[in-house]
file upload21.cif (mmCIF, C-alpha atoms)
data_target
loop_
_atom_site.label_atom_id
_atom_site.label_comp_id
_atom_site.auth_asym_id
_atom_site.auth_seq_id
_atom_site.Cartn_x
_atom_site.Cartn_y
_atom_site.Cartn_z
CA MET P 1 0.00 0.00 0.00
CA LYS P 2 1.16 3.50 -0.84
CA ALA P 3 0.62 6.81 0.90
CA VAL P 4 0.87 10.55 0.28
CA VAL P 5 2.12 12.51 3.29
CA LEU P 6 1.41 16.24 3.22
CA VAL P 7 4.42 18.05 4.71
CA GLY P 8 4.71 21.14 2.55
CA GLY P 9 3.34 23.80 4.91
CA PHE P 10 5.28 26.80 6.17
CA GLY P 11 4.53 26.03 9.83
CA THR P 12 3.60 29.64 10.58
CA ARG P 13 1.79 28.73 13.80
CA LEU P 14 4.99 27.19 15.19
CA ARG P 15 7.29 30.11 14.50
CA PRO P 16 10.04 30.81 15.51
CA LEU P 17 10.88 27.07 15.63
CA THR P 18 10.01 26.74 11.95
CA PHE P 19 12.15 29.63 10.71
CA THR P 20 14.93 27.06 10.28
CA THR P 21 13.24 23.64 10.55
CA PRO P 22 10.01 22.52 8.84
CA LYS P 23 7.50 21.58 11.54
CA ASN P 24 7.35 17.98 10.37
CA LEU P 25 11.06 17.55 11.13
CA LEU P 26 10.76 18.93 14.65
CA PRO P 27 11.35 16.09 17.12
CA VAL P 28 8.58 14.70 19.29
CA VAL P 29 10.51 13.05 22.13
CA HIS P 30 13.67 12.61 20.05
CA VAL P 31 11.92 11.32 16.90
CA PRO P 32 11.02 13.67 14.01
CA MET P 33 7.28 14.23 13.70
CA VAL P 34 7.21 12.93 10.12
CA GLU P 35 8.97 9.76 11.20
CA ARG P 36 6.30 9.09 13.83
CA VAL P 37 3.63 9.59 11.14
CA VAL P 38 5.36 7.29 8.64
CA SER P 39 6.11 4.68 11.30
CA HIS P 40 2.40 4.49 12.11
CA LEU P 41 1.60 3.99 8.43
CA ALA P 42 4.18 1.21 8.26
CA GLU P 43 2.39 -0.61 11.08
CA HIS P 44 -0.65 -0.78 8.80
CA GLY P 45 1.03 -2.11 5.69
CA VAL P 46 2.23 1.03 3.93
CA THR P 47 5.46 0.21 2.10
CA ASP P 48 5.94 3.36 -0.01
CA ALA P 49 5.22 7.00 0.81
CA VAL P 50 5.63 10.16 -1.21
CA LEU P 51 6.32 13.32 0.79
CA SER P 52 4.51 16.32 -0.67
CA LEU P 53 7.08 19.07 -0.10
CA GLY P 54 7.08 22.84 -0.42
CA TYR P 55 8.89 24.60 2.42
CA LYS P 56 12.63 23.85 2.77
CA PRO P 57 12.44 20.56 0.82
CA ASP P 58 16.20 19.95 0.98
CA THR P 59 15.99 19.46 4.74
CA PHE P 60 13.87 16.34 4.23
CA LEU P 61 16.29 14.91 1.69
CA ALA P 62 19.15 15.57 4.10
CA ALA P 63 17.26 13.94 6.98
CA TYR P 64 16.64 10.72 5.00
CA PRO P 65 19.49 10.53 2.48
CA ASP P 66 18.96 6.82 1.78
CA GLY P 67 15.32 7.35 0.88
CA MET P 68 14.05 5.26 3.80
CA CYS P 69 12.04 6.35 6.83
CA ALA P 70 10.80 3.91 9.48
CA GLY P 71 11.24 1.06 6.99
CA VAL P 72 9.15 2.82 4.34
CA ARG P 73 10.54 3.75 0.92
CA LEU P 74 10.30 7.49 0.32
CA ALA P 75 9.69 9.47 -2.83
CA TYR P 76 9.62 13.26 -2.97
CA ALA P 77 7.32 15.66 -4.80
CA VAL P 78 8.44 19.29 -4.57
CA GLU P 79 5.89 21.97 -5.50
CA ASP P 80 7.18 25.05 -7.33
CA GLU P 81 4.22 26.98 -5.92
CA PRO P 82 1.73 26.04 -3.18
CA LEU P 83 -1.10 23.97 -4.65
CA ASP P 84 -3.27 23.71 -1.50
CA THR P 85 -4.30 20.33 -0.12
CA ALA P 86 -5.99 18.63 -3.08
CA GLY P 87 -3.56 20.13 -5.57
CA ALA P 88 -0.67 18.81 -3.48
CA ILE P 89 -2.23 15.33 -3.34
CA ARG P 90 -2.72 15.19 -7.11
CA PHE P 91 0.79 16.49 -7.79
CA ALA P 92 2.47 14.12 -5.33
CA ALA P 93 0.52 11.07 -6.49
CA GLY P 94 1.37 11.90 -10.10
CA GLU P 95 5.06 12.38 -9.35
CA ALA P 96 5.14 8.99 -7.58
CA GLY P 97 3.14 7.21 -10.28
CA ILE P 98 0.36 6.14 -7.90
CA ASP P 99 -2.39 4.39 -9.88
CA GLU P 100 -4.07 2.30 -7.17
CA ARG P 101 -5.98 2.87 -3.95
CA PHE P 102 -3.81 4.87 -1.55
CA VAL P 103 -3.77 6.56 1.84
CA VAL P 104 -3.36 10.30 2.45
CA VAL P 105 -2.26 11.78 5.78
CA ASN P 106 -1.51 15.24 7.09
CA GLY P 107 2.05 15.23 8.37
CA ASP P 108 1.32 17.28 11.48
CA ILE P 109 -1.45 14.99 12.76
CA LEU P 110 -0.32 12.50 15.39
CA THR P 111 -2.81 9.66 15.77
CA ASP P 112 -3.06 5.96 16.45
CA VAL P 113 -6.10 5.54 14.20
CA ASP P 114 -6.54 2.00 12.89
CA VAL P 115 -5.70 2.62 9.22
CA THR P 116 -6.27 -1.05 8.42
CA ARG P 117 -9.85 -0.78 9.71
CA LEU P 118 -10.37 2.41 7.71
CA VAL P 119 -9.19 0.73 4.50
CA ARG P 120 -11.44 -2.29 5.11
CA PHE P 121 -14.42 0.01 5.68
CA HIS P 122 -13.55 1.88 2.49
CA ASP P 123 -13.45 -1.34 0.48
CA ALA P 124 -16.67 -2.70 1.99
CA SER P 125 -18.61 0.51 1.36
CA GLY P 126 -17.52 0.83 -2.25
CA ALA P 127 -16.42 4.39 -1.57
CA GLU P 128 -14.42 6.56 -3.92
CA ALA P 129 -12.92 8.30 -0.88
CA THR P 130 -13.14 7.70 2.86
CA ILE P 131 -12.37 10.13 5.69
CA ASP P 132 -11.30 9.29 9.23
CA LEU P 133 -13.37 11.24 11.76
CA HIS P 134 -12.61 12.48 15.25
CA GLU P 135 -14.91 14.00 17.87
CA VAL P 136 -13.91 17.38 19.30
CA GLU P 137 -15.48 19.80 21.74
CA ASP P 138 -15.20 22.82 19.42
CA PRO P 139 -15.46 21.91 15.71
CA SER P 140 -15.29 25.51 14.43
CA ARG P 141 -11.59 25.23 13.41
CA PHE P 142 -12.13 22.10 11.34
CA GLY P 143 -14.15 20.48 8.58
CA VAL P 144 -17.35 19.10 10.10
CA VAL P 145 -18.77 15.89 8.62
CA VAL P 146 -22.37 14.65 8.68
CA THR P 147 -23.05 11.02 7.71
CA ASP P 148 -25.98 8.65 7.44
CA VAL P 149 -26.11 5.36 9.36
CA ALA P 150 -24.06 3.59 6.67
CA GLY P 151 -21.28 6.17 6.86
CA GLN P 152 -22.07 7.92 3.59
CA VAL P 153 -21.26 11.61 3.93
CA GLU P 154 -24.29 13.84 3.56
CA ALA P 155 -22.54 17.15 4.20
CA PHE P 156 -19.00 18.46 4.55
CA ILE P 157 -18.88 21.90 6.14
CA GLU P 158 -15.50 23.59 6.42
CA LYS P 159 -14.98 25.60 9.65
CA PRO P 160 -18.59 26.43 10.59
CA ASP P 161 -19.46 28.76 13.43
CA ARG P 162 -19.51 26.76 16.64
CA GLU P 163 -23.21 27.36 17.27
CA ASP P 164 -24.10 26.34 13.71
CA ALA P 165 -22.04 23.14 13.54
CA PRO P 166 -24.36 20.18 12.84
CA SER P 167 -21.93 17.70 14.39
CA ASN P 168 -18.83 17.47 16.59
CA LEU P 169 -17.25 14.94 14.24
CA ILE P 170 -14.46 16.52 12.22
CA ASN P 171 -12.22 15.58 9.34
CA ALA P 172 -9.24 14.01 11.13
CA GLY P 173 -6.79 14.23 8.23
CA THR P 174 -6.43 10.56 7.29
CA TYR P 175 -8.03 9.52 3.99
CA VAL P 176 -8.31 6.52 1.68
CA PHE P 177 -8.58 7.51 -2.00
CA GLU P 178 -9.29 5.62 -5.18
CA PRO P 179 -7.14 6.91 -8.05
CA SER P 180 -10.31 8.26 -9.68
CA VAL P 181 -10.32 11.06 -7.07
CA LEU P 182 -7.22 12.47 -8.72
CA GLY P 183 -9.19 13.03 -11.92
CA ARG P 184 -11.57 15.29 -10.01
CA ILE P 185 -8.73 17.67 -9.07
CA ASP P 186 -7.69 20.32 -11.60
CA ALA P 187 -3.99 20.25 -12.41
CA GLY P 188 -1.74 23.28 -12.15
CA ARG P 189 -3.79 25.40 -9.76
CA PRO P 190 -4.38 25.48 -6.00
CA VAL P 191 -7.32 23.22 -5.08
CA SER P 192 -8.63 22.64 -1.56
CA VAL P 193 -9.62 19.06 -0.77
CA GLU P 194 -11.85 20.34 2.02
CA ARG P 195 -13.62 23.13 0.09
CA GLU P 196 -13.77 21.65 -3.43
CA THR P 197 -12.97 17.95 -3.68
CA PHE P 198 -14.93 16.62 -0.71
CA PRO P 199 -18.11 18.61 -1.51
CA ALA P 200 -17.94 17.31 -5.10
CA LEU P 201 -17.65 13.74 -3.79
CA VAL P 202 -20.64 14.37 -1.48
CA ASP P 203 -22.67 15.46 -4.52
CA ALA P 204 -21.59 12.29 -6.32
CA GLY P 205 -22.57 10.12 -3.34
CA THR P 206 -19.14 8.48 -3.19
CA LEU P 207 -17.65 10.00 -0.02
CA PHE P 208 -17.80 7.91 3.15
CA ALA P 209 -16.47 8.47 6.67
CA LEU P 210 -15.72 6.45 9.78
CA ASP P 211 -15.16 7.57 13.37
CA GLY P 212 -11.65 6.33 14.17
CA ASP P 213 -12.22 6.57 17.94
CA ALA P 214 -8.48 7.10 18.39
CA TYR P 215 -5.86 9.35 19.91
CA TRP P 216 -5.61 12.44 17.72
CA LEU P 217 -3.61 15.65 17.94
CA ASP P 218 -2.92 18.42 15.46
CA ALA P 219 0.64 19.21 16.56
CA GLY P 220 0.94 22.42 14.56
CA THR P 221 0.86 25.02 17.37
CA PRO P 222 3.22 25.59 20.31
CA GLU P 223 0.55 24.37 22.72
CA THR P 224 -0.21 21.17 20.83
CA TYR P 225 3.42 20.53 19.92
CA LEU P 226 4.25 20.69 23.62
CA GLN P 227 1.26 18.45 24.35
CA ALA P 228 2.46 15.89 21.81
CA GLY P 229 5.68 15.45 23.76
CA LEU P 230 3.95 15.34 27.13
CA ASP P 231 1.49 12.71 25.89
CA LEU P 232 4.38 10.31 25.30
CA LEU P 233 5.81 10.76 28.80
CA PRO P 234 4.82 8.98 32.02
CA ALA P 235 2.28 10.81 34.16
CA ASP P 236 4.99 11.46 36.74
CA GLY P 237 8.77 11.39 36.78
CA PRO P 238 11.47 13.49 35.13
CA GLY P 239 10.48 12.78 31.55
CA SER P 240 12.91 11.86 28.77
CA VAL P 241 16.56 12.90 28.51
CA HIS P 242 18.50 11.97 25.39
CA GLU P 243 21.52 9.80 26.10
CA THR P 244 23.86 12.47 24.69
CA ALA P 245 22.45 15.31 26.80
CA SER P 246 24.13 16.59 29.96
CA VAL P 247 22.02 17.33 33.03
CA ALA P 248 23.50 18.63 36.29
CA ASP P 249 22.81 16.58 39.40
CA SER P 250 21.13 19.55 41.10
CA ALA P 251 18.71 20.16 38.20
CA HIS P 252 15.06 19.25 38.75
CA LEU P 253 13.10 17.83 35.81
CA GLU P 254 9.40 17.06 35.85
CA ARG P 255 7.68 15.69 32.73
CA SER P 256 10.15 17.40 30.43
CA VAL P 257 12.11 16.48 27.31
CA VAL P 258 15.82 17.24 26.88
CA GLY P 259 17.14 16.70 23.37
CA ALA P 260 20.37 15.35 21.97
CA GLY P 261 23.48 17.25 22.99
CA ALA P 262 21.58 19.70 25.18
CA THR P 263 23.11 20.98 28.43
CA ILE P 264 21.11 21.64 31.60
CA GLY P 265 23.00 23.54 34.29
CA GLU P 266 23.01 23.55 38.08
CA ASP P 267 19.75 24.25 39.92
CA VAL P 268 17.72 24.46 36.71
CA THR P 269 14.02 23.61 37.03
CA LEU P 270 12.17 22.21 34.02
CA THR P 271 8.47 21.42 34.35
CA GLU P 272 6.49 20.30 31.30
CA ALA P 273 9.18 21.85 29.12
CA ILE P 274 10.93 20.91 25.89
CA VAL P 275 14.61 21.71 25.39
CA LEU P 276 15.61 20.78 21.86
CA ASP P 277 18.89 19.46 20.48
CA GLY P 278 22.06 21.33 21.33
CA ALA P 279 20.40 23.96 23.50
CA THR P 280 22.00 25.22 26.73
CA VAL P 281 20.09 26.20 29.86
CA GLU P 282 22.38 27.86 32.37
CA SER P 283 22.23 27.68 36.16
CA GLY P 284 19.27 28.81 38.20
CA THR P 285 16.88 29.04 35.27
CA ARG P 286 13.22 28.02 35.55
CA ILE P 287 11.30 26.85 32.49
CA HIS P 288 7.62 25.93 32.73
CA ARG P 289 5.42 24.86 29.79
CA SER P 290 7.77 26.45 27.29
CA ILE P 291 10.01 25.38 24.41
CA VAL P 292 13.70 26.09 23.84
CA GLY P 293 14.76 25.68 20.23
CA PRO P 294 17.84 23.89 18.87
CA GLY P 295 21.14 25.50 19.75
CA ALA P 296 19.53 28.27 21.81
CA THR P 297 21.14 29.53 25.01
CA ILE P 298 19.16 30.56 28.07
CA ARG P 299 21.51 32.48 30.34
CA SER P 300 21.50 32.01 34.10
CA GLY P 301 18.72 33.06 36.42
CA GLY P 302 15.94 33.47 33.89
CA GLU P 303 12.30 32.35 33.74
CA LEU P 304 10.44 31.12 30.66
CA LEU P 305 6.74 30.67 31.36
CA ASP P 306 3.33 30.36 29.68
CA LEU P 307 4.30 28.87 26.30
CA THR P 308 7.34 31.00 25.64
CA VAL P 309 9.05 29.72 22.48
CA ILE P 310 12.73 30.41 21.83
CA GLY P 311 13.96 29.93 18.27
CA ASP P 312 16.99 28.19 16.83
CA GLY P 313 20.26 29.65 18.09
CA ALA P 314 18.71 32.51 20.08
CA ASP P 315 20.67 33.85 23.06
CA ILE P 316 18.53 34.99 25.99
CA GLU P 317 20.20 37.40 28.43
CA PRO P 318 20.70 36.55 32.14
CA ASP P 319 17.73 36.99 34.50
CA ALA P 320 15.24 37.44 31.66
CA ARG P 321 11.57 37.06 32.62
CA LEU P 322 9.53 35.90 29.65
CA ARG P 323 5.82 35.01 29.56
CA GLY P 324 4.21 33.82 26.36
CA GLU P 325 6.98 35.37 24.25
CA ARG P 326 8.17 34.34 20.78
CA ILE P 327 11.86 35.09 20.22
CA PRO P 328 12.75 36.06 17.57
CA LEU P 329 9.54 37.44 16.08
CA GLU P 330 11.01 37.68 12.58
CA ASP P 331 13.15 35.23 10.64
CA PRO P 332 16.72 36.45 11.14
CA ASP P 333 17.70 35.00 7.73
CA ALA P 334 14.82 36.58 5.81
CA GLY P 335 15.88 38.87 3.00
#
call {"tool": "encode", "arguments": {"input": "upload21.cif", "output": "structure tokens"}}
result
Amino acid sequence: MKAVVLVGGFGTRLRPLTFTTPKNLLPVVHVPMVERVVSHLAEHGVTDAVLSLGYKPDTFLAAYPDGMCAGVRLAYAVEDEPLDTAGAIRFAAGEAGIDERFVVVNGDILTDVDVTRLVRFHDASGAEATIDLHEVEDPSRFGVVVTDVAGQVEAFIEKPDREDAPSNLINAGTYVFEPSVLGRIDAGRPVSVERETFPALVDAGTLFALDGDAYWLDAGTPETYLQAGLDLLPADGPGSVHETASVADSAHLERSVVGAGATIGEDVTLTEAIVLDGATVESGTRIHRSIVGPGATIRSGGELLDLTVIGDGADIEPDARLRGERIPLEDPDAG
């Protein structure tokens, strides 16, 4: 089975971390996000995946130079210009020569959905396309799906007002497509799968959906990226420290992640924090529910609180008090 993995976005919600690293290559407890996504696909029989690339494509090729990820063979489709979701799917599938039923996933969605079950449901229903669903409290940020008792989609409503949403079941970003879906997508222009392709399939009566009843997280914001790491940690304890990191004996860690080559100084306190590869946190610093980017330095005596995000290589002065800050605000390499 083959898959298209959508990883071409600019990651604007995760800036400044994504000024230098595409969000799908950011590590979630020491493993790149895209690798966790592909590994899950491999567990359900996917042998080949094409990465639909746009932003900083060379970083993906450098990360997987042998063309393998989690035991899956990789191909790459690099867009010259953004083609939106459906346009990206058509382009990537065409570049990889996909001419059979295939799976599509969003590369910033972490889930343990049973893809095998979804494919079986797709086959049994005779669908042209099948969507995995997930129940949320507030569906207004997502595509809301209404189905009949057999799972046939009766309506697909992209980002309705919360009070007008007919359902709390949303498009969870995992699809099974017949190759005929590709023929419904215009080539060479941006096309939204949510706003154009799915409504057309509803009109044709060939779109089905199934509630995956699974863990699901859109890891594309600082809050949810932090949550993705915490969800993989024990409910108590220090968390996860990479074997190449250095942590002072007097440091206190609670449900935190310390990346490869990072250095944690004396009397540092980390609680529900992520310190990425090669970063340095000097003595007496307190970090709570915040993220320190790769190679950044937090000088002694500071506090990072309330989802402060420090970008790649930033140098934070001693005794800084930061709450909910993003540093830097602009890409230092832009222009």
call {"tool": "resolve_selection", "arguments": {"input": "upload21.cif", "expression": "the PyMOL selection byres ((chain P and resi 6) around 7)", "output": "number ranges by chain"}}
result
P: 4-5, 7-8, 51-52, 105-107
call {"tool": "closest_residue", "arguments": {"input": "upload21.cif", "among": "P:Ile185, P:Val72, P:Val176, P:Leu169", "to": "Arg117 in chain P", "atoms": "all atoms listed in the file"}}
result
P:Val176
call {"tool": "resolve_selection", "arguments": {"input": "upload21.cif", "expression": "the PyMOL selection byres ((chain P and resi 17) around 8)", "output": "PyMOL selection string"}}
result
chain P and resi 14-16+18-21+23+293+309-312
call {"tool": "write_last_selection", "arguments": {"input": "upload21.cif", "atoms": "C-alpha atoms", "output": "compact mmCIF listing (two decimals), in the frame of the given file"}}
result
# COMPACT_ATOMS: atom_id res chain seq x y z
CA LEU P 14 4.99 27.19 15.19
CA ARG P 15 7.29 30.11 14.50
CA PRO P 16 10.04 30.81 15.51
CA THR P 18 10.01 26.74 11.95
CA PHE P 19 12.15 29.63 10.71
CA THR P 20 14.93 27.06 10.28
CA THR P 21 13.24 23.64 10.55
CA LYS P 23 7.50 21.58 11.54
CA GLY P 293 14.76 25.68 20.23
CA VAL P 309 9.05 29.72 22.48
CA ILE P 310 12.73 30.41 21.83
CA GLY P 311 13.96 29.93 18.27
CA ASP P 312 16.99 28.19 16.83
call {"tool": "residues_around", "arguments": {"input": "upload21.cif", "residues": "Thr297 in chain P", "least_positions_apart": "6", "cutoff": "9 Å", "atoms": "all atoms listed in the file", "output": "MDAnalysis selection string"}}
result
chainID P and resid 279:282 313:317
call {"tool": "atom_distance", "arguments": {"input": "upload21.cif", "atom1": "CA of Asp211 in chain P", "atom2": "CA of Leu133 in chain P"}}
result
4.4 Å
call {"tool": "closest_residue", "arguments": {"input": "upload21.cif", "among": "P:Ser167, P:Ser283, P:Thr197, P:Ser256", "to": "Pro318 in chain P", "atoms": "all atoms listed in the file"}}
result
P:Ser283
call {"tool": "resolve_selection", "arguments": {"input": "upload21.cif", "expression": "the PyMOL selection byres ((chain P and resi 230-247) around 12)", "output": "PyMOL selection string"}}
result
chain P and resi 27-31+36+110-111+215-217+219+223-229+248-283+289-290
call {"tool": "residues_near_point", "arguments": {"input": "upload21.cif", "point": "(2.3, 22.3, -6.8)", "cutoff": "10 Å", "atoms": "all atoms listed in the file", "output": "ChimeraX atom specification"}}
result
/P:8,52-54,77-92,187-191
call {"tool": "atom_distance", "arguments": {"input": "upload21.cif", "atom1": "CA of Asn171 in chain P", "atom2": "CA of Ile291 in chain P"}}
result
28.6 Å
call {"tool": "atom_distance", "arguments": {"input": "upload21.cif", "atom1": "CA of Ala3 in chain P", "atom2": "CA of His122 in chain P"}}
result
15.1 Å
call {"tool": "residues_around", "arguments": {"input": "upload21.cif", "residues": "Cys69 in chain P", "least_positions_apart": "4", "cutoff": "12 Å", "atoms": "all atoms listed in the file", "output": "list in words"}}
result
Val31, Pro32, Met33, Val34, Glu35, Arg36, Val37, Val38, Ser39, His40, Leu41, Ala42, Val46, Thr47, Asp48, Ala49, Val50, Leu51, Phe60, Leu61, Ala62, Ala63, Tyr64, Pro65, Arg73, Leu74 and Ala75 of chain P
call {"tool": "closest_residue", "arguments": {"input": "upload21.cif", "among": "P:Gln152, P:Ser180, P:Ser125, P:Thr59", "to": "Gly205 in chain P", "atoms": "only C-alpha atoms"}}
result
P:Gln152
call {"tool": "residues_around", "arguments": {"input": "upload21.cif", "residues": "Val146 in chain P", "least_positions_apart": "4", "cutoff": "12 Å", "atoms": "all atoms listed in the file", "output": "ChimeraX atom specification"}}
result
/P:131,133-135,150-158,165-171,199,202,207-211
call {"tool": "write_last_selection", "arguments": {"input": "upload21.cif", "atoms": "C-alpha atoms", "output": "PDB file, keeping the file's coordinate frame"}}
result
ATOM      1  CA  ILE P 131     -12.370  10.130   5.690  1.00  0.00           C
ATOM      2  CA  LEU P 133     -13.370  11.240  11.760  1.00  0.00           C
ATOM      3  CA  HIS P 134     -12.610  12.480  15.250  1.00  0.00           C
ATOM      4  CA  GLU P 135     -14.910  14.000  17.870  1.00  0.00           C
ATOM      5  CA  ALA P 150     -24.060   3.590   6.670  1.00  0.00           C
ATOM      6  CA  GLY P 151     -21.280   6.170   6.860  1.00  0.00           C
ATOM      7  CA  GLN P 152     -22.070   7.920   3.590  1.00  0.00           C
ATOM      8  CA  VAL P 153     -21.260  11.610   3.930  1.00  0.00           C
ATOM      9  CA  GLU P 154     -24.290  13.840   3.560  1.00  0.00           C
ATOM     10  CA  ALA P 155     -22.540  17.150   4.200  1.00  0.00           C
ATOM     11  CA  PHE P 156     -19.000  18.460   4.550  1.00  0.00           C
ATOM     12  CA  ILE P 157     -18.880  21.900   6.140  1.00  0.00           C
ATOM     13  CA  GLU P 158     -15.500  23.590   6.420  1.00  0.00           C
ATOM     14  CA  ALA P 165     -22.040  23.140  13.540  1.00  0.00           C
ATOM     15  CA  PRO P 166     -24.360  20.180  12.840  1.00  0.00           C
ATOM     16  CA  SER P 167     -21.930  17.700  14.390  1.00  0.00           C
ATOM     17  CA  ASN P 168     -18.830  17.470  16.590  1.00  0.00           C
ATOM     18  CA  LEU P 169     -17.250  14.940  14.240  1.00  0.00           C
ATOM     19  CA  ILE P 170     -14.460  16.520  12.220  1.00  0.00           C
ATOM     20  CA  ASN P 171     -12.220  15.580   9.340  1.00  0.00           C
ATOM     21  CA  PRO P 199     -18.110  18.610  -1.510  1.00  0.00           C
ATOM     22  CA  VAL P 202     -20.640  14.370  -1.480  1.00  0.00           C
ATOM     23  CA  LEU P 207     -17.650  10.000  -0.020  1.00  0.00           C
ATOM     24  CA  PHE P 208     -17.800   7.910   3.150  1.00  0.00           C
ATOM     25  CA  ALA P 209     -16.470   8.470   6.670  1.00  0.00           C
ATOM     26  CA  LEU P 210     -15.720   6.450   9.780  1.00  0.00           C
ATOM     27  CA  ASP P 211     -15.160   7.570  13.370  1.00  0.00           C
TER      28      ASP P 211
END
call {"tool": "residues_near_point", "arguments": {"input": "upload21.cif", "point": "(-13.7, 27.2, 13.9)", "cutoff": "9 Å", "atoms": "only C-alpha atoms", "output": "PyMOL selection string"}}
result
chain P and resi 138-143+158-162
call {"tool": "write_last_selection", "arguments": {"input": "upload21.cif", "atoms": "C-alpha atoms", "output": "JSON list (two decimals), in the frame of the given file"}}
result
[["chain", "number", "residue", "atom", "x", "y", "z"],
["P", 138, "ASP", "CA", -15.20, 22.82, 19.42],
["P", 139, "PRO", "CA", -15.46, 21.91, 15.71],
["P", 140, "SER", "CA", -15.29, 25.51, 14.43],
["P", 141, "ARG", "CA", -11.59, 25.23, 13.41],
["P", 142, "PHE", "CA", -12.13, 22.10, 11.34],
["P", 143, "GLY", "CA", -14.15, 20.48, 8.58],
["P", 158, "GLU", "CA", -15.50, 23.59, 6.42],
["P", 159, "LYS", "CA", -14.98, 25.60, 9.65],
["P", 160, "PRO", "CA", -18.59, 26.43, 10.59],
["P", 161, "ASP", "CA", -19.46, 28.76, 13.43],
["P", 162, "ARG", "CA", -19.51, 26.76, 16.64]]
call {"tool": "residues_around", "arguments": {"input": "upload21.cif", "residues": "range 95-101 of chain P", "least_positions_apart": "3", "cutoff": "6 Å", "atoms": "only C-alpha atoms", "output": "PDB file with C-alpha atoms, in the coordinates of the input"}}
result
ATOM      1  CA  ALA P  92       2.470  14.120  -5.330  1.00  0.00           C
ATOM      2  CA  PHE P 177      -8.580   7.510  -2.000  1.00  0.00           C
ATOM      3  CA  GLU P 178      -9.290   5.620  -5.180  1.00  0.00           C
ATOM      4  CA  PRO P 179      -7.140   6.910  -8.050  1.00  0.00           C
TER       5      PRO P 179
END
